[in-house]
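*Asks:* Just one file: my_file-v7.cif, with mmCIF, C-alpha atoms.
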data_input
loop_
_atom_site.label_atom_id
_atom_site.label_comp_id
_atom_site.auth_asym_id
_atom_site.auth_seq_id
_atom_site.Cartn_x
_atom_site.Cartn_y
_atom_site.Cartn_z
CA MET A 242 73.74 115.50 125.54
CA ARG A 243 75.06 118.27 123.27
CA LEU A 244 78.11 116.15 122.57
CA LEU A 245 76.11 113.38 120.86
CA PRO A 246 75.24 115.37 117.67
CA VAL A 247 78.86 116.49 117.37
CA LEU A 248 80.13 112.92 117.72
CA LEU A 249 77.61 111.68 115.15
CA PHE A 250 78.66 114.42 112.72
CA MET A 251 82.33 113.52 113.17
CA LEU A 252 81.60 109.84 112.59
CA VAL A 253 79.65 110.52 109.39
CA ALA A 254 82.28 112.98 108.14
CA HIS A 255 85.06 110.47 108.83
CA SER A 256 83.15 107.65 107.13
CA SER A 257 82.47 109.67 103.99
CA HIS A 258 86.11 110.79 103.88
CA ALA A 259 87.34 107.20 104.18
CA ALA A 260 84.99 106.08 101.41
CA SER A 261 86.37 108.76 99.09
CA ASP A 262 89.90 107.43 99.64
CA ARG A 263 89.00 103.91 98.48
CA LEU A 264 91.10 102.82 95.53
CA SER A 265 89.17 102.09 92.34
CA ALA A 266 90.09 99.36 89.86
CA GLU A 267 91.96 101.99 87.83
CA ASP A 268 93.79 103.22 90.94
CA ILE A 269 94.82 99.63 91.76
CA ARG A 270 96.19 99.17 88.23
CA ASP A 271 98.07 102.49 88.41
CA GLN A 272 99.39 102.30 91.97
CA ILE A 273 99.78 98.60 92.87
CA VAL A 274 100.34 96.59 89.69
CA GLY A 275 104.01 96.29 88.78
CA LYS A 276 105.18 97.15 92.29
CA THR A 277 106.17 95.50 95.53
CA VAL A 278 103.70 96.04 98.37
CA PHE A 279 105.17 95.70 101.86
CA LEU A 280 102.59 94.44 104.36
CA ALA A 281 103.13 95.67 107.91
CA VAL A 282 103.25 92.67 110.25
CA PRO A 283 102.06 92.75 113.88
CA PHE A 284 105.41 91.74 115.41
CA GLY A 285 107.38 94.34 113.43
CA GLY A 286 108.88 94.43 109.99
CA GLU A 287 107.34 94.16 106.55
CA PHE A 288 106.27 91.27 104.35
CA PRO A 289 106.88 91.96 100.61
CA LEU A 290 104.43 90.89 97.89
CA ASN A 291 105.31 91.48 94.23
CA TYR A 292 102.30 92.22 92.00
CA ARG A 293 103.70 91.49 88.56
CA ARG A 294 102.13 92.94 85.41
CA ASP A 295 101.53 89.46 83.97
CA GLY A 296 99.04 88.57 86.73
CA ARG A 297 101.47 86.72 88.98
CA VAL A 298 102.02 87.56 92.63
CA ASP A 299 104.89 86.23 94.72
CA GLY A 300 106.36 86.88 98.10
CA THR A 301 108.84 85.77 100.69
CA GLY A 302 108.86 85.89 104.45
CA GLU A 303 112.51 84.90 104.73
CA ALA A 304 113.59 88.30 106.04
CA LEU A 305 111.10 87.90 108.88
CA GLY A 306 112.41 84.45 109.78
CA LEU A 307 109.19 82.70 108.74
CA GLY A 308 111.11 79.79 107.25
CA LYS A 309 111.22 78.29 110.74
CA PHE A 310 107.41 78.08 110.88
CA THR A 311 106.05 77.83 107.36
CA ARG A 312 106.95 77.78 103.71
CA PRO A 313 108.74 81.13 103.38
CA ARG A 314 108.09 81.61 99.63
CA ASP A 315 105.00 81.19 97.49
CA SER A 316 103.51 82.45 94.27
CA GLY A 317 100.08 82.63 92.73
CA THR A 318 97.85 84.90 90.70
CA TRP A 319 96.20 88.27 91.26
CA TRP A 320 93.26 89.96 89.55
CA ILE A 321 90.90 92.88 90.05
CA ALA A 322 87.21 92.17 90.77
CA GLY A 323 85.15 95.34 90.85
CA ASP A 324 87.26 97.71 92.95
CA ARG A 325 88.92 94.91 94.95
CA LEU A 326 92.35 93.37 94.58
CA CYS A 327 92.12 89.57 94.71
CA GLN A 328 94.82 86.94 94.92
CA LYS A 329 95.25 83.21 95.26
CA PHE A 330 98.53 81.60 96.27
CA SER A 331 99.59 78.03 95.58
CA THR A 332 99.93 77.01 99.23
CA TRP A 333 99.63 80.08 101.48
CA TYR A 334 96.16 80.41 103.03
CA ASP A 335 95.49 76.82 101.83
CA GLY A 336 95.23 78.15 98.27
CA SER A 337 92.07 80.12 99.13
CA GLN A 338 90.99 83.18 97.16
CA LEU A 339 91.41 86.43 99.11
CA CYS A 340 90.00 89.82 98.08
CA PHE A 341 90.75 93.22 99.57
CA GLU A 342 89.35 96.73 99.56
CA LEU A 343 92.22 99.21 99.52
CA TYR A 344 92.19 102.72 101.00
CA ARG A 345 94.82 105.39 100.47
CA LEU A 346 96.41 106.67 103.70
CA ASP A 347 99.03 108.86 102.01
CA GLU A 348 101.27 108.83 98.93
CA THR A 349 102.94 105.51 99.75
CA ARG A 350 100.70 103.82 102.34
CA ILE A 351 97.39 102.01 102.08
CA ARG A 352 94.96 100.34 104.44
CA TRP A 353 93.53 96.99 103.38
CA ILE A 354 90.36 95.26 104.49
CA GLN A 355 89.97 91.61 103.57
CA ASP A 356 86.55 90.12 102.79
CA ASN A 357 86.59 88.34 106.16
CA GLY A 358 87.08 91.65 108.02
CA ASP A 359 90.82 91.32 108.70
CA LYS A 360 92.59 94.68 108.37
CA GLY A 361 96.08 96.02 108.09
CA THR A 362 98.36 98.55 106.45
CA ALA A 363 100.98 98.33 103.74
CA ARG A 364 103.59 100.47 102.06
CA ILE A 365 103.74 100.70 98.27
CA GLY A 366 107.31 100.27 97.08
CA PRO A 367 109.09 101.14 93.86
CA PRO A 368 108.33 99.50 90.50
CA LEU A 369 109.59 95.97 90.01
#
Here is a file; write its structure as structure tokens.

*Replies:*
Amino acid sequence: MRLLPVLLFMLVAHSSHAASDRLSAEDIRDQIVGKTVFLAVPFGGEFPLNYRRDGRVDGTGEALGLGKFTRPRDSGTWWIAGDRLCQKFSTWYDGSQLCFELYRLDETRIRWIQDNGDKGTARIGPPL
């Protein structure tokens, strides 16, 4: 029974720490815009997305061999809504709008949480 208060404290401490690492709109502009973000994919490898300064986003899954299953390249637009990074591709995800909360893991890695609850990690690459 003594373990329960300790576990609750650890959970609250971890939650408040994670909240402090959430990227703000300014952080997104400084750390994501103008760079390639490499999404970690479940079966290994990375999926690059280029967040261009003019509000365009594009990507290709050709290196992962996705051309066999789907359109390997697409482009669309990105924007910041509150402290979330949003994007809409021409054909990927049926052209639906997607928004993400971003959390800093370290200097070059982030964790993303999509509005629908999907989660993943990504690596921030060099400037475009």

*Asks:* Pick from A:Arg364, A:Gly285, A:Tyr334, A:Val274: nearest to Leu346 (chain A), with all atoms listed in the file counted?

*Replies:*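 That would be A:Arg364, the residue with the smallest distance to Leu346 (chain A).
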
*Asks:* Quick one: residues within 10 Å of Leu280 (chain A), only C-alpha atoms, excluding same-chain residues fewer than 6 positions away - as JSON, numbers by chain?

*Replies:* {"A": [286, 287, 288, 289, 290, 350, 351, 352, 353, 361, 362, 363, 364, 365]}

*Asks:* By how many Å are CA of Asp359 (chain A) and CA of Pro283 (chain A) apart?

*Replies:*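 Going from CA of Asp359 (chain A) over to CA of Pro283 (chain A), I get 12.5 Å.
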
*Asks:* Given the file above and the PyMOL selection byres ((chain A and resi 341) around 12), which residues are selected, and can you give them as a PyMOL selection string?

*Replies:* chain A and resi 263-266+269+319-329+338-340+342-344+351-362

*Asks:* Would you mind exporting the chosen residues as an mmCIF file, in the frame of the given file, restricted to C-alpha atoms?

*Replies:*
data_model
loop_
_atom_site.group_PDB
_atom_site.id
_atom_site.type_symbol
_atom_site.label_atom_id
_atom_site.label_comp_id
_atom_site.auth_asym_id
_atom_site.auth_seq_id
_atom_site.Cartn_x
_atom_site.Cartn_y
_atom_site.Cartn_z
ATOM 1 C CA ARG A 263 89.000 103.910 98.480
ATOM 2 C CA LEU A 264 91.100 102.820 95.530
ATOM 3 C CA SER A 265 89.170 102.090 92.340
ATOM 4 C CA ALA A 266 90.090 99.360 89.860
ATOM 5 C CA ILE A 269 94.820 99.630 91.760
ATOM 6 C CA TRP A 319 96.200 88.270 91.260
ATOM 7 C CA TRP A 320 93.260 89.960 89.550
ATOM 8 C CA ILE A 321 90.900 92.880 90.050
ATOM 9 C CA ALA A 322 87.210 92.170 90.770
ATOM 10 C CA GLY A 323 85.150 95.340 90.850
ATOM 11 C CA ASP A 324 87.260 97.710 92.950
ATOM 12 C CA ARG A 325 88.920 94.910 94.950
ATOM 13 C CA LEU A 326 92.350 93.370 94.580
ATOM 14 C CA CYS A 327 92.120 89.570 94.710
ATOM 15 C CA GLN A 328 94.820 86.940 94.920
ATOM 16 C CA LYS A 329 95.250 83.210 95.260
ATOM 17 C CA GLN A 338 90.990 83.180 97.160
ATOM 18 C CA LEU A 339 91.410 86.430 99.110
ATOM 19 C CA CYS A 340 90.000 89.820 98.080
ATOM 20 C CA GLU A 342 89.350 96.730 99.560
ATOM 21 C CA LEU A 343 92.220 99.210 99.520
ATOM 22 C CA TYR A 344 92.190 102.720 101.000
ATOM 23 C CA ILE A 351 97.390 102.010 102.080
ATOM 24 C CA ARG A 352 94.960 100.340 104.440
ATOM 25 C CA TRP A 353 93.530 96.990 103.380
ATOM 26 C CA ILE A 354 90.360 95.260 104.490
ATOM 27 C CA GLN A 355 89.970 91.610 103.570
ATOM 28 C CA ASP A 356 86.550 90.120 102.790
ATOM 29 C CA ASN A 357 86.590 88.340 106.160
ATOM 30 C CA GLY A 358 87.080 91.650 108.020
ATOM 31 C CA ASP A 359 90.820 91.320 108.700
ATOM 32 C CA LYS A 360 92.590 94.680 108.370
ATOM 33 C CA GLY A 361 96.080 96.020 108.090
ATOM 34 C CA THR A 362 98.360 98.550 106.450
#

*Asks:* From the options A:Asp347, A:Phe279, A:Asp268, A:Gly317, which residue's atoms come nearest to Gly302 (chain A), counting only C-alpha atoms?

*Replies:*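 Closest to Gly302 (chain A), using only C-alpha atoms: A:Phe279.
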
*Asks:* Do you have the CA of Trp333 (chain A)-CA of Gly296 (chain A) distance handy?

*Replies:*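 Going from CA of Trp333 (chain A) over to CA of Gly296 (chain A) covers 17.0 Å.
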
*Asks:* Report the distance between CA of Arg294 (chain A) and CA of Ala281 (chain A) in Å, rounded to one decimal place.

*Replies:*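 If I compute the distance from CA of Arg294 (chain A) to CA of Ala281 (chain A), I get 22.7 Å.
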
*Asks:* For the provided coordinates, the residues matched by the PyMOL selection byres ((chain A and resi 315) around 8) should be stated as a PDB file with C-alpha atoms, keeping the file's coordinate frame.

*Replies:*
ATOM      1  CA  ASP A 299     104.890  86.230  94.720  1.00  0.00           C
ATOM      2  CA  GLY A 300     106.360  86.880  98.100  1.00  0.00           C
ATOM      3  CA  THR A 301     108.840  85.770 100.690  1.00  0.00           C
ATOM      4  CA  ARG A 312     106.950  77.780 103.710  1.00  0.00           C
ATOM      5  CA  PRO A 313     108.740  81.130 103.380  1.00  0.00           C
ATOM      6  CA  ARG A 314     108.090  81.610  99.630  1.00  0.00           C
ATOM      7  CA  SER A 316     103.510  82.450  94.270  1.00  0.00           C
ATOM      8  CA  GLY A 317     100.080  82.630  92.730  1.00  0.00           C
ATOM      9  CA  PHE A 330      98.530  81.600  96.270  1.00  0.00           C
ATOM     10  CA  SER A 331      99.590  78.030  95.580  1.00  0.00           C
ATOM     11  CA  THR A 332      99.930  77.010  99.230  1.00  0.00           C
ATOM     12  CA  TRP A 333      99.630  80.080 101.480  1.00  0.00           C
TER      13      TRP A 333
END

*Asks:* Give the answer as one residue: which of A:Ile273, A:Thr318, A:Asp335, A:Arg345 has the shortest atom-to-atom distance to Asp295 (chain A), using only C-alpha atoms?

*Replies:*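 Closest to Asp295 (chain A) of all the choices is A:Thr318.
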
*Asks:* Restricting the calculation to all atoms listed in the file, which member of A:Pro368, A:Thr349, A:Ser337, A:Arg297 is positioned closest to Thr277 (chain A)?

*Replies:*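 With all atoms listed in the file as the atom set, the closest residue is A:Pro368.
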
*Asks:* Quick one: residues within 9 Å of Pro367 (chain A), only C-alpha atoms counted, chain neighbours fewer than 5 positions away excluded, as number ranges by chain?

*Replies:* A: 275-278

*Asks:* Starting from the sparse input, extend region 319-341 of chain A to N, CA, C and O atoms and give the output as a compact mmCIF listing (two decimals), in the coordinates of the input.

*Replies:*
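Result file is out-v7.txt:
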# COMPACT_ATOMS: atom_id res chain seq x y z
N TRP A 319 97.00 87.16 90.77
CA TRP A 319 96.20 88.27 91.26
C TRP A 319 95.28 88.72 90.14
O TRP A 319 95.54 88.49 88.96
N TRP A 320 94.19 89.38 90.51
CA TRP A 320 93.26 89.96 89.55
C TRP A 320 92.45 91.04 90.26
O TRP A 320 92.48 91.15 91.49
N ILE A 321 91.75 91.83 89.50
CA ILE A 321 90.90 92.88 90.05
C ILE A 321 89.45 92.48 89.79
O ILE A 321 89.07 92.17 88.67
N ALA A 322 88.65 92.47 90.85
CA ALA A 322 87.21 92.17 90.77
C ALA A 322 86.47 93.38 91.31
O ALA A 322 86.54 93.67 92.51
N GLY A 323 85.77 94.09 90.43
CA GLY A 323 85.15 95.34 90.85
C GLY A 323 86.25 96.31 91.23
O GLY A 323 87.17 96.55 90.47
N ASP A 324 86.20 96.83 92.43
CA ASP A 324 87.26 97.71 92.95
C ASP A 324 88.04 97.01 94.06
O ASP A 324 88.51 97.65 95.00
N ARG A 325 88.17 95.69 93.95
CA ARG A 325 88.92 94.91 94.95
C ARG A 325 90.10 94.21 94.29
O ARG A 325 90.00 93.74 93.16
N LEU A 326 91.19 94.13 95.01
CA LEU A 326 92.35 93.37 94.58
C LEU A 326 92.22 91.97 95.15
O LEU A 326 92.07 91.80 96.37
N CYS A 327 92.25 90.96 94.27
CA CYS A 327 92.12 89.57 94.71
C CYS A 327 93.40 88.82 94.39
O CYS A 327 94.14 89.18 93.48
N GLN A 328 93.64 87.76 95.14
CA GLN A 328 94.82 86.94 94.92
C GLN A 328 94.57 85.53 95.41
O GLN A 328 93.71 85.30 96.26
N LYS A 329 95.34 84.61 94.85
CA LYS A 329 95.25 83.21 95.26
C LYS A 329 96.65 82.63 95.12
O LYS A 329 97.22 82.62 94.04
N PHE A 330 97.21 82.19 96.25
CA PHE A 330 98.53 81.60 96.27
C PHE A 330 98.45 80.09 96.11
O PHE A 330 97.39 79.49 96.35
N SER A 331 99.56 79.49 95.75
CA SER A 331 99.59 78.03 95.58
C SER A 331 99.35 77.30 96.90
O SER A 331 98.53 76.39 96.96
N THR A 332 100.07 77.71 97.95
CA THR A 332 99.93 77.01 99.23
C THR A 332 99.54 77.93 100.39
O THR A 332 98.84 77.48 101.30
N TRP A 333 99.98 79.18 100.38
CA TRP A 333 99.63 80.08 101.48
C TRP A 333 98.11 80.18 101.57
O TRP A 333 97.41 80.17 100.55
N TYR A 334 97.60 80.31 102.76
CA TYR A 334 96.16 80.41 103.03
C TYR A 334 95.40 79.23 102.43
O TYR A 334 94.27 79.35 102.00
N ASP A 335 96.08 78.06 102.38
CA ASP A 335 95.49 76.82 101.83
C ASP A 335 95.00 77.02 100.41
O ASP A 335 94.05 76.36 99.97
N GLY A 336 95.61 77.92 99.66
CA GLY A 336 95.23 78.15 98.27
C GLY A 336 93.89 78.84 98.12
O GLY A 336 93.31 78.84 97.03
N SER A 337 93.37 79.44 99.19
CA SER A 337 92.07 80.12 99.13
C SER A 337 92.17 81.46 98.41
O SER A 337 93.20 82.14 98.46
N GLN A 338 91.08 81.86 97.78
CA GLN A 338 90.99 83.18 97.16
C GLN A 338 90.78 84.22 98.24
O GLN A 338 89.94 84.04 99.13
N LEU A 339 91.53 85.31 98.17
CA LEU A 339 91.41 86.43 99.11
C LEU A 339 91.18 87.70 98.31
O LEU A 339 91.86 87.93 97.31
N CYS A 340 90.25 88.53 98.73
CA CYS A 340 90.00 89.82 98.08
C CYS A 340 90.05 90.94 99.11
O CYS A 340 89.67 90.74 100.27
N PHE A 341 90.50 92.10 98.67
CA PHE A 341 90.75 93.22 99.57
C PHE A 341 90.21 94.53 99.01
O PHE A 341 90.39 94.81 97.82
